[in-house]
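*Asks:* The structure is given below, and queries will be raised subsequently.
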Amino acid sequence: MRKIKYFQAIHEAHSQSMEADDNVIILGLGVPGPTGIFGTTKGLVDKFGEARVLDMPSSEQGMTGVALGMTIAGYRPVMIHMRVDFSTLAMDQMVNQVAKWHFMYGGKMKAPMVFRMIIGRGWGQGPQHSQSLQAWFAHIPGFKVLMPTTAYDAKGMLLSAIKDDSPVIIFEHRWLYNVDGIVPKDPYEVNLNSARVLHKGDDITIVATSYMVLEALKASEILSKHGIKPEVIDLRSIVPLDIDTIYKSVKKTGSLVVADTGTINFGISAEIISRLMEMDHSVLRNIPKRIGLPFCPSPTSPSLAEKFFPRANDIILCVCDILDLDKNILSKEGDKEQWHDVPDSSFTGPY
Amino acid sequence: MRKIKYFQAIHEAHSQSMEADDNVIILGLGVPGPTGIFGTTKGLVDKFGEARVLDMPSSEQGMTGVALGMTIAGYRPVMIHMRVDFSTLAMDQMVNQVAKWHFMYGGKMKAPMVFRMIIGRGWGQGPQHSQSLQAWFAHIPGFKVLMPTTAYDAKGMLLSAIKDDSPVIIFEHRWLYNVDGIVPKDPYEVNLNSARVLHKGDDITIVATSYMVLEALKASEILSKHGIKPEVIDLRSIVPLDIDTIYKSVKKTGSLVVADTGTINFGISAEIISRLMEMDHSVLRNIPKRIGLPFCPSPTSPSLAEKFFPRANDIILCVCDILDLDKNILSKEGDKEQWHDVPDSSFTGPY
Amino acid sequence: MDNLLKLFESMLRIRMVEEMIAERYSEQEMRCPTHFCLGQEAVPVGVSSHLRHTDYVYSGHRSHGHYLAKGGSLKAMVSELYGKETGCALGRGGSQHLNDLDAGFIASAPILGGTIPIAVGSVYSTKSNVTDKVSVVYFGDGATEEGIFHEALNFASVKKLPVIFVCENNLYSVHSSFDVRQPKDRNIADIGPAHKIPSVRANGNDVEEVMKIAGDAINRARDGGGPSLLEFMTYRWLEHCGPNKDLDLSYRTKEEMDEWLSKCPIKLFETKLYKKNILNKESRFRIEQKILKEINSAFEYAKKSPFPDPQTLFDYTYVKS
Amino acid sequence: MDNLLKLFESMLRIRMVEEMIAERYSEQEMRCPTHFCLGQEAVPVGVSSHLRHTDYVYSGHRSHGHYLAKGGSLKAMVSELYGKETGCALGRGGSQHLNDLDAGFIASAPILGGTIPIAVGSVYSTKSNVTDKVSVVYFGDGATEEGIFHEALNFASVKKLPVIFVCENNLYSVHSSFDVRQPKDRNIADIGPAHKIPSVRANGNDVEEVMKIAGDAINRARDGGGPSLLEFMTYRWLEHCGPNKDLDLSYRTKEEMDEWLSKCPIKLFETKLYKKNILNKESRFRIEQKILKEINSAFEYAKKSPFPDPQTLFDYTYVKS
Ligand SMILES: Cc1ncc(C[n+]2csc(CCOP(=O)(O)OP(=O)(O)O)c2C)c(N)n1
Ligand SMILES: Cc1ncc(C[n+]2csc(CCOP(=O)(O)OP(=O)(O)O)c2C)c(N)n1
Ligand SMILES: [Mg+2]
Ligand SMILES: [Mg+2]
């Protein structure tokens with residue numbers, strides 16, 4: 001059972017997909033460079049050459065169109081944005097062309113593209129560098145939208161995405177890159193339509209995305225010590241949305257917390273709650289709660305960021321509210337640390 | 001009680017706001033031109049000059065930044081996109097700069113800007129010209145997002161928006177431009193935070209936005225004839241969201257249909273349902289239903305568009321489903337018309 | 001058939017197709033926004049005269065001429081305008097979403113500038129021996145105001161890709177004249193050299209001039225010489241969108257219109273061909289009749305074709321695996 | 001004080017501030033991405049020598065030098081880096097969001113090219129008698145790859161607005177060298193003429209040359225002559241983001257670095273001033289001490305300033321009415 005880090009799992013997926021198919025190419029600013037997108041593309045250029053591991057100008061809009069054009073030449077491009085915020089410059093090409101490319105020519109064209117978008121938090125990334133826009137892409141018919149949490153999924157989902165003939169957007173959280181996980185060496189694919197129950201429980205359902213899954217697991221551990229058994233679900237894919245797995249759990253627990261990396265308002269948690277209601281308006285025996293970014297831009301100062309980005313304690317707080325529990329359950333661990341804007345002490349910022 | 005058309009109400013608001021304040025300017029491609037954005041800006045250039053009623057290059061991104069810059073010079077620009085789809089080219093400036101402009105400099109800067117965005121449906125506008133992206137803007141902290149339905153609100157909300165020191169996005173539906181309404185001649189403002197109950201009823205709550213309000217009213221008329229009394233709420237503003245008015249109604253009726261002009265999935269109806277659940281998970285006595293665009297791009301052919309864009313009958317169908325009524329209530333009127341892609345017979349396309 | 005005659009026929013065919021669409025448009029059965037290219041026929045015909053089936057062509061909202069000149073199926077285009085299942089985009093797209101892969105007409109789409117980088121990417125190659133396939137993308141003067149145009153030029157130049165950027169400068173973007181949108185005395189062709197791309201501005205109503213200039217650019221591209229930017233001056237006769245004249249809007253003058261009408265690309269070329277004895281009244285009539293027959297049968301075909309089945313609405317949102 | 005001495009002091013001050021930030025950065029108390037401008041001090045100092053408090057300046061991610069040269073408050077900047085309430089953006093923005101309205105430094109923001117059109121719009125006027133306020137916007141060579149740069153040039157040229165576009169070409173965008181991003185032999189200054197904007201490329205490490213060229217452009221702008229594009233060649237000494245050297249990444253060579261270190265803008269100018277007897281060891285020492293005192297007090301002030309109250313998180317999302 002080999003353990004490697006999340007970023008290494010992505011690297012391996014890239015390498016294996018490029019070995020298997022000459023038409024797979026990667027592009028993005030700095031992709032062949034010395035730091036290789038947090039190590040995820042490092043050294044690939046030596047193996048596959050500059051024509052397949054492509055640097056590019058800072059022309060997000062134009063280069064998205066160029067990448068779409070490459071599919072006409074038979075390529076399967078993977079485009080990388082170091083921050084999802086930079087994709088706002090490419091929104092026209094992504095939404096008006098890529099997402100609709102197959103549909104608007106009656107199925108005659110295909111856009112087998114993958115977009116890797118990095119999201120993050122903390123360390124003063126600030127207003128223009130810490131958004132988490134999965135709700136936007138999920139709102140646009142034509143995209144598949146993935147948020148792998150584990151190293152296993154990071155590899156398997158990227159391999160699946162590259163093989164998929166529809167455009168796929170993958171959100172990767174910066175704070176996951178150094179997290180270990182069991183990852184088979186051989187290539188494998190992950191079903192793009194299934195949430196994963198990570199932790200069984202009967203008392204409350206916690207659905208989480210990406211990095212918030214780790215916080216949910218922490219919360220769940222603390223809650224378990226106090227006799228509360230949450231069921232933790234790693235959503236994994238936003239589109240398609242595996243509502244059945246969530247429904248089954250909520251049917252059992254009657255209670256729901258959704259913890260997402262994005263802004264709460266008009267975000268993906270709302271869709272989950274609504275779908276449950278449309279299936280069964282009385283499935284919830286308590287009010288549901290949504291955890292995510294509050295309704296203001298991302299502040300830079302650590303004193304504000306600490307309040308802005310939710311952590312395990314916020315999940316615990318919600319669970320206590322919903323189940324009417326004593327809030328003394330709250331973990332005190334967090335408070336011992338001076339700074340709350342790093343995933344662990346090895347992280348020395350800024351990126 | 002003077003009645004004028006929706007587009008005339010907008011024109012009047014523009015004219016009055018520019019008379020009242022020399023710093024108000026309008027810009028957009030064709031704004032001073034002979035057709036004047038469906039008549040809403042027609043002739044203003046003669047009254048206020050080319051420097052305040054500005055044509056511009058097709059540079060949506062750059063011109064949004066230019067308009068933001070104008071606020072530094074003391075102006076209050078109103079920027080017009082003939083279709084919201086064109087704003088996807090300006091998403092970086094709108095989301096990364098305009099929305100965060102006040103926040104990211106600690107309150108020292110302000111962006112008193114208004115964006116008028118036209119949405120529409122039918123007549124073959126097709127995949128790249130009929131989106132309705134209010135959910136996107138509502139997801140971004142910093143914007144206010146309005147969807148006036150009546151001529152009264154079209155004028156009053158535009159006047160309020162222009163006076164507002166925060167950036168305001170106004171969605172106007174093409175099929176509303178020729179609808180009459182009572183509009184006072186003098187300038188007036190409309191509270192940007194209140195949904196309006198247009199039709200009282202006890203049986204079911206229909207919350208609708210923009211043009212879908214008209215369809216909801218049609219549905220309500222037909223339902224009323226059959227003894228069903230819906231309460232119809234014109235949402236009017238998406239951000240801020242007047243959830244209390246909706247809650248009060250749903251508390252009474254126990255049933256809910258939300259009818260929006262945008263894509264259902266991850267759209268604004270989900271937020272409404274979720275907020276209700278967060279307030280009171282047992283407020284719904286039946287499953288809620290969402291009406292909006294199905295999850296595919298907008299097709300051009302009338303045969304497909306007819307199924308794609310929802311109408312009054314779709315609302316009736318939902319109400320019948322929720323309240324378990326006989327579907328013979330369904331209006332047959334629609335079926336008499338050959339084409340379903342026009343608001344009325346005076347409309348001869350394409351824009 | 002004589003090459004020049006072919007050019008003439010191709011222009012006349014575009015003209016006649018557009019006229020027929022214009023005539024029937026008011027029947028309100030082609031229910032999609034339609035941008036006519038009457039008056040602008042010489043550019044696509046001159047350019048296409050050098051193109052092979054395997055070369056790629058892209059366009060924007062005003063794309064009928066580009067599609068037809070490249071050999072796109074007339075039936076499939078007319079059917080698309082009627083929103084029929086037999087349309088080139090199966091009715092999903094309409095006039096602004098043409099596509100005929102057999103003819104190498106890859107895509108048109110109405111968002112300004114949207115297809116420009118796509119054209120660039122489609123001739124990218126990871127092999128050292130670059131294909132001699134070239135890619136042509138047409139766009140208007142207005143589209144050059146979009147940043148994406150400049151981004152596409154830059155990348156095409158960095159990689160020396162075989163792309164011909166063809167700007168049809170008809171002086172207007174909808175009703176806005178050039179000088180409210182761009183520096184008055186700028187040539188769009190000037191933008192090429194800023195990106196180290198050879199550029200020419202030329203008369204877009206003279207099909208032979210277009211042919212010559214396009215030929216140079218296309219040959220250079222095939223020889224690995226990289227991209228070119230061509231600016232052809234021309235003029236739109238009808239309203240921006242739709243089948244009518246629009247002098248009543250008075251954003252342009254009757255004098256200007258008359259001047260350009262007198263520079264009709266077809267009439268100019270026809271006169272030359274008469275003089276050269278390549279064409280005469282009789283042969284012209286025969287060509288016209290042949291085209292008319294083709295057009296009538298295309299319309300008949302389109303009109304009697306079925307609409308897409310509403311049950312297929314969701315098809316093509318995602319690729320079926 | 002002698003004007004040249006002022007230039008020197010301004011450059012030295014930027015240098016010393018950056019060095020102090022670099023020194024203290026590893027304490028991990030300035031918790032925001034920080035882009036240093038060591039080696040690039042001459043450009044903002046030369047440009048600012050012609051600017052008034054009422055003129056506007058804008059910048060991107062690498063903005064300390066631009067802010068300081070324009071007279072932005074050092075205390076407010078250092079406090080901003082520490083995320084303090086006394087910061088110029090009240091801690092909301094960090095290093096990449098500087099602002100000092102009193103000094104006419106309007107805004108920096110890290111999205112590439114983002115502030116370029118804002119700078120343009122801010123000197124738009126509806127009055128016929130255009131203000132003689134000028135607007136300067138700094139950006140890197142990488143930012144010129146964004147379409148928005150070209151859109152902003154076009155509009156500034158159409159309206160002949162008094163904007164000075166200042167490109168600091170330091171050959172790299174993060175770790176990517178110029179030639180993988182732009183045509184190898186292009187000057188960024190070449191993009192100006194394509195938009196009918198006068199342009200110059202010059203040595204960005206020679207503060208006097210910068211001053212001369214910027215002066216011409218700024219004076220022309222004040223006289224209603226419209227925008228200019230200036231490209232100054234310079235070099236970044238430290239890593240793209242952060243306080244360290246980065247030759248170990250080997251995306252650039254030691255030879256290249258050494259060559260540029262030898263072209264240190266401060267050393268070059270200092271030598272000249274010594275020769276001209278405008279500066280000597282002693283006066284230099286006094287200047288240095290004065291600056292050091294200012295810097296120390298700014299850091300002290302910043303460190304002892306309070307963090308923003310977490311309760312104020314939502315403030316400034318919307319303007320309070
Ligand atoms: C991004 C974008 N903005 C605006 C429009 C609206 N629009 C459609 S056609 C057109 C005019 C374009 O002018 P030009 O490029 O010169 O082409 P022409 O119509 O003259 O052939 C405009 C502004 C659009 N389609 N896309
Ligand atoms: C739109 C956008 N894309 C990418 C980035 C990431 N980024 C930050 S700085 C930088 C390098 C820019 O290079 P240049 O403009 O030459 O400035 P320099 O760092 O050399 O001063 C990049 C790519 C960004 N901030 N914004
Ligand atoms: Mg034009
Ligand atoms: Mg640089």
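Simple scheme: letters A, B, ... for chains in structure tokens order, numbers from 1 for residues in each chain, numbers from 1 for ligands in the order shown.
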Taking 2 positions as the minimum chain separation for residues in the same chain, which residues sit within 8 Å of His102 in chain A when counting only C-alpha atoms? Answer as an MDAnalysis selection string.

*Replies:* (chainID A and resid 99:100 104:111) or (chainID C and resid 316:319)

*Asks:* For the residues in that selection, give me C-alpha atoms as a PDB file, in the first residue's frame.

*Replies:*
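Saved as again.pdb:
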ATOM      1  CA  ALA A  99     -18.996  24.362 -22.474  1.00  0.00           C
ATOM      2  CA  LYS A 100     -21.299  24.635 -25.498  1.00  0.00           C
ATOM      3  CA  MET A 104     -23.979  24.167 -30.499  1.00  0.00           C
ATOM      4  CA  TYR A 105     -22.787  22.264 -33.551  1.00  0.00           C
ATOM      5  CA  GLY A 106     -25.273  19.479 -33.007  1.00  0.00           C
ATOM      6  CA  GLY A 107     -22.750  17.019 -31.643  1.00  0.00           C
ATOM      7  CA  LYS A 108     -20.303  17.414 -34.508  1.00  0.00           C
ATOM      8  CA  MET A 109     -17.576  18.948 -32.395  1.00  0.00           C
ATOM      9  CA  LYS A 110     -16.126  17.783 -29.092  1.00  0.00           C
ATOM     10  CA  ALA A 111     -14.045  19.552 -26.478  1.00  0.00           C
TER      11      ALA A 111
ATOM     12  CA  TYR C 316     -25.073  16.899 -26.980  1.00  0.00           C
ATOM     13  CA  THR C 317     -24.911  18.688 -23.644  1.00  0.00           C
ATOM     14  CA  TYR C 318     -22.351  16.052 -22.737  1.00  0.00           C
ATOM     15  CA  VAL C 319     -20.618  13.605 -25.034  1.00  0.00           C
TER      16      VAL C 319
END

*Asks:* List the spatial neighbours of range 159-170 of chain A as number ranges by chain - criterion: any atom at most 9 Å away, only C-alpha atoms, same-chain residues fewer than 2 positions off excluded.

*Replies:* A: 10, 13-14, 16-17, 24, 76-78, 98-99, 102, 110-118, 134, 137, 142-148, 154-157, 172, 187-192; C: 317-321

*Asks:* Neighbouring residues of Val197 in chain A were defined as those with any atom within 12 Å, considering only C-alpha atoms; residues of the same chain fewer than 5 positions away were excluded. Please report them as a ChimeraX atom specification.

*Replies:* /A:205-208,213,217,230-236,242,244-249

*Asks:* Please save N, CA and C atoms of the selected residues as a short mmCIF file (atom, residue, chain, number, x, y, z; two decimals), in the first residue's frame.

*Replies:*
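Writing the result to again-v4.cif gives the following:
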data_model
loop_
_atom_site.label_atom_id
_atom_site.label_comp_id
_atom_site.auth_asym_id
_atom_site.auth_seq_id
_atom_site.Cartn_x
_atom_site.Cartn_y
_atom_site.Cartn_z
N THR A 205 -25.51 14.18 9.12
CA THR A 205 -24.75 14.03 7.89
C THR A 205 -23.93 15.30 7.66
N ILE A 206 -22.64 15.11 7.47
CA ILE A 206 -21.79 16.25 7.08
C ILE A 206 -21.30 16.00 5.66
N VAL A 207 -21.80 16.80 4.73
CA VAL A 207 -21.33 16.71 3.34
C VAL A 207 -20.27 17.78 3.17
N ALA A 208 -19.11 17.41 2.65
CA ALA A 208 -18.05 18.41 2.51
C ALA A 208 -17.37 18.29 1.17
N VAL A 213 -13.34 18.67 3.62
CA VAL A 213 -13.51 17.28 4.05
C VAL A 213 -12.55 16.98 5.21
N LEU A 217 -13.57 15.83 8.89
CA LEU A 217 -13.07 14.63 9.56
C LEU A 217 -12.53 14.96 10.96
N PRO A 230 -21.23 11.44 13.53
CA PRO A 230 -21.59 12.05 12.25
C PRO A 230 -21.26 11.10 11.09
N GLU A 231 -22.03 11.23 10.04
CA GLU A 231 -21.68 10.54 8.80
C GLU A 231 -21.01 11.59 7.90
N VAL A 232 -19.77 11.34 7.52
CA VAL A 232 -19.04 12.33 6.72
C VAL A 232 -19.00 11.87 5.27
N ILE A 233 -19.48 12.73 4.39
CA ILE A 233 -19.50 12.40 2.97
C ILE A 233 -18.59 13.35 2.20
N ASP A 234 -17.68 12.77 1.45
CA ASP A 234 -16.82 13.56 0.55
C ASP A 234 -17.56 13.66 -0.78
N LEU A 235 -17.97 14.86 -1.13
CA LEU A 235 -18.85 15.03 -2.30
C LEU A 235 -18.13 14.62 -3.59
N ARG A 236 -16.88 14.97 -3.71
CA ARG A 236 -16.01 14.60 -4.83
C ARG A 236 -16.38 15.20 -6.17
N ASP A 242 -24.09 13.51 -6.96
CA ASP A 242 -24.61 12.22 -6.49
C ASP A 242 -25.54 12.46 -5.30
N ASP A 244 -28.20 10.91 -4.48
CA ASP A 244 -28.76 9.71 -3.86
C ASP A 244 -27.98 9.28 -2.61
N THR A 245 -26.66 9.34 -2.73
CA THR A 245 -25.84 8.98 -1.57
C THR A 245 -26.12 9.93 -0.40
N ILE A 246 -26.28 11.20 -0.73
CA ILE A 246 -26.57 12.18 0.33
C ILE A 246 -27.97 11.93 0.91
N TYR A 247 -28.90 11.68 0.02
CA TYR A 247 -30.28 11.46 0.47
C TYR A 247 -30.36 10.27 1.41
N LYS A 248 -29.69 9.20 1.02
CA LYS A 248 -29.71 7.99 1.85
C LYS A 248 -29.21 8.30 3.26
N SER A 249 -28.17 9.09 3.32
CA SER A 249 -27.59 9.42 4.61
C SER A 249 -28.53 10.32 5.43
#

*Asks:* Could you tell me how far atom 4 (C, counted along the ligand's line) of ligand 1 sits from CA of Val95 in chain A, in Å to one decimal place?

*Replies:*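 The value is 15.3 Å.
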
*Asks:* Could you write out, as a PyMOL selection string, all the residues of range 14-254 of chain D that DSSP marks as alpha helix (DSSP H)?

*Replies:* chain D and resi 14-25+42-48+64-69+74-81+116-121+147-158+191-194+207-222+254

*Asks:* From the options B:His340, B:Lys185, B:Arg52, B:Arg290, which residue's atoms come nearest to chain D, counting only C-alpha atoms?

*Replies:* B:Arg52

*Asks:* Write out as a ChimeraX atom specification each polymer residue (protein, DNA or RNA) that has an atom no more than 8 Å from ligand 1, with only C-alpha atoms and all ligand atoms counted.

*Replies:* /B:29,58-60,81-83,85-87,89 /C:35,37,61-62,110-114,139-144,146,168-174,236,240-241

*Asks:* With only C-alpha atoms counted and 9 Å as the cut-off, give the residues of chain C in contact with chain D, each with its shortest interatomic distance in Å and the pair that gives it, as JSON lines.

*Replies:*
{"residue": "C:Glu145", "atom": "CA", "partner": "D:Glu151", "partner_atom": "CA", "distance": 6.4}
{"residue": "C:Glu146", "atom": "CA", "partner": "D:Glu151", "partner_atom": "CA", "distance": 6.6}
{"residue": "C:Gly147", "atom": "CA", "partner": "D:Gly147", "partner_atom": "CA", "distance": 3.4}
{"residue": "C:Ile148", "atom": "CA", "partner": "D:Gly147", "partner_atom": "CA", "distance": 5.5}
{"residue": "C:Phe149", "atom": "CA", "partner": "D:Gly147", "partner_atom": "CA", "distance": 7.5}
{"residue": "C:His150", "atom": "CA", "partner": "D:Gly147", "partner_atom": "CA", "distance": 6.0}
{"residue": "C:Glu151", "atom": "CA", "partner": "D:Gly147", "partner_atom": "CA", "distance": 5.7}
{"residue": "C:Asn154", "atom": "CA", "partner": "D:Gln182", "partner_atom": "CA", "distance": 6.2}
{"residue": "C:Phe155", "atom": "CA", "partner": "D:Gln182", "partner_atom": "CA", "distance": 7.0}
{"residue": "C:Ser157", "atom": "CA", "partner": "D:Pro183", "partner_atom": "CA", "distance": 5.9}
{"residue": "C:Val158", "atom": "CA", "partner": "D:Pro183", "partner_atom": "CA", "distance": 4.6}
{"residue": "C:Lys159", "atom": "CA", "partner": "D:Pro183", "partner_atom": "CA", "distance": 8.2}
{"residue": "C:Lys160", "atom": "CA", "partner": "D:Pro183", "partner_atom": "CA", "distance": 8.9}
{"residue": "C:Asp179", "atom": "CA", "partner": "D:Val158", "partner_atom": "CA", "distance": 7.4}
{"residue": "C:Val180", "atom": "CA", "partner": "D:Val158", "partner_atom": "CA", "distance": 7.0}
{"residue": "C:Arg181", "atom": "CA", "partner": "D:Val158", "partner_atom": "CA", "distance": 6.8}
{"residue": "C:Gln182", "atom": "CA", "partner": "D:Val158", "partner_atom": "CA", "distance": 5.5}
{"residue": "C:Pro183", "atom": "CA", "partner": "D:Val158", "partner_atom": "CA", "distance": 4.6}
{"residue": "C:Lys184", "atom": "CA", "partner": "D:Val158", "partner_atom": "CA", "distance": 7.3}
{"residue": "C:Asp185", "atom": "CA", "partner": "D:Lys196", "partner_atom": "CA", "distance": 7.8}
{"residue": "C:Arg186", "atom": "CA", "partner": "D:Lys196", "partner_atom": "CA", "distance": 6.5}
{"residue": "C:Asn187", "atom": "CA", "partner": "D:Ala194", "partner_atom": "CA", "distance": 8.0}
{"residue": "C:Ile188", "atom": "CA", "partner": "D:Ala194", "partner_atom": "CA", "distance": 7.9}
{"residue": "C:Ala189", "atom": "CA", "partner": "D:Ala194", "partner_atom": "CA", "distance": 8.4}
{"residue": "C:Asp190", "atom": "CA", "partner": "D:Ala194", "partner_atom": "CA", "distance": 5.1}
{"residue": "C:Ile191", "atom": "CA", "partner": "D:Ala194", "partner_atom": "CA", "distance": 4.8}
{"residue": "C:Gly192", "atom": "CA", "partner": "D:Ala194", "partner_atom": "CA", "distance": 8.0}
{"residue": "C:Pro193", "atom": "CA", "partner": "D:Ala194", "partner_atom": "CA", "distance": 7.8}
{"residue": "C:Ala194", "atom": "CA", "partner": "D:Ile191", "partner_atom": "CA", "distance": 4.8}
{"residue": "C:His195", "atom": "CA", "partner": "D:Pro183", "partner_atom": "CA", "distance": 6.7}
{"residue": "C:Lys196", "atom": "CA", "partner": "D:Arg186", "partner_atom": "CA", "distance": 6.5}

*Asks:* Would you list the contacts of Ile4 in chain A as a list in words, taking every protein, DNA or RNA residue within 8 Å and counting only C-alpha atoms, but skipping same-chain residues closer than 5 positions in sequence?

*Replies:*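 Returned residues: Ala9, Ala151, Asp180, Gly181, Ile182 and Val183 of chain A.
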
*Asks:* Which chain D residues are at most 6 Å from chain A (counting only C-alpha atoms), as a list in words?

*Replies:* Arg31, Cys32, Pro33, Gly83, Gly91, Arg92, Gly93, Gly94, Glu145, Glu146, Arg181, Leu249, Pro310, Leu313, Phe314 and Thr317 of chain D

*Asks:* Near chain A, meaning an atom within 8 Å, which residues of chain B appear when counting only C-alpha atoms? Write them as JSON, numbers by chain.

*Replies:* {"B": [85, 86, 88, 89, 90, 91, 92, 95, 96, 100, 103, 104, 127, 128, 135, 136, 138, 139, 140, 141, 142, 263, 264, 265, 266, 267, 268, 270, 271, 273, 274, 277, 278, 279, 280, 281, 282, 284, 285, 286, 287, 288, 289, 295, 296, 297, 299]}

*Asks:* Report, in Å with one decimal, the straight-line distance from CA of Lys290 in chain D to CA of Glu208 in chain D.

*Replies:* 23.7 Å

*Asks:* Using only C-alpha atoms, which residues sit within 8 Å of range 315-325 of chain B once same-chain residues fewer than 6 positions away are excluded, as a PyMOL selection string?

*Replies:* chain B and resi 204+215-216+219-220+223+255+257+259+286-289+291

*Asks:* Just how far from CA of Phe36 in chain C is CA of Glu18 in chain C, in Å to one decimal?

*Replies:*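 So the answer is 6.5 Å.
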
*Asks:* Can you check which residues of range 84-203 of chain A DSSP gives as strand (DSSP E) on the backbone and send them as a PyMOL selection string?

*Replies:* chain A and resi 114-119+144-146+168-173+180-182+196-199

*Asks:* Residues within 8 Å of Leu176 in chain A, please, as a PyMOL selection string. Count only C-alpha atoms; anything in the same chain fewer than 3 positions from it doesn't count.

*Replies:* chain A and resi 6-7+149-150+172-173+179+211

*Asks:* Between C:Leu74, C:Gly60, C:Lys281, C:Leu247, single out the one closest to ligand 3, counting only C-alpha atoms and all ligand atoms.

*Replies:*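 Counting only C-alpha atoms and all ligand atoms, the residue closest to ligand 3 is C:Gly60.
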
*Asks:* For Gly65 in chain D, find every residue with an atom within 10 Å (counting only C-alpha atoms), except residues of its own chain fewer than 6 positions away, and show them as a count of residues only.

*Replies:* 19
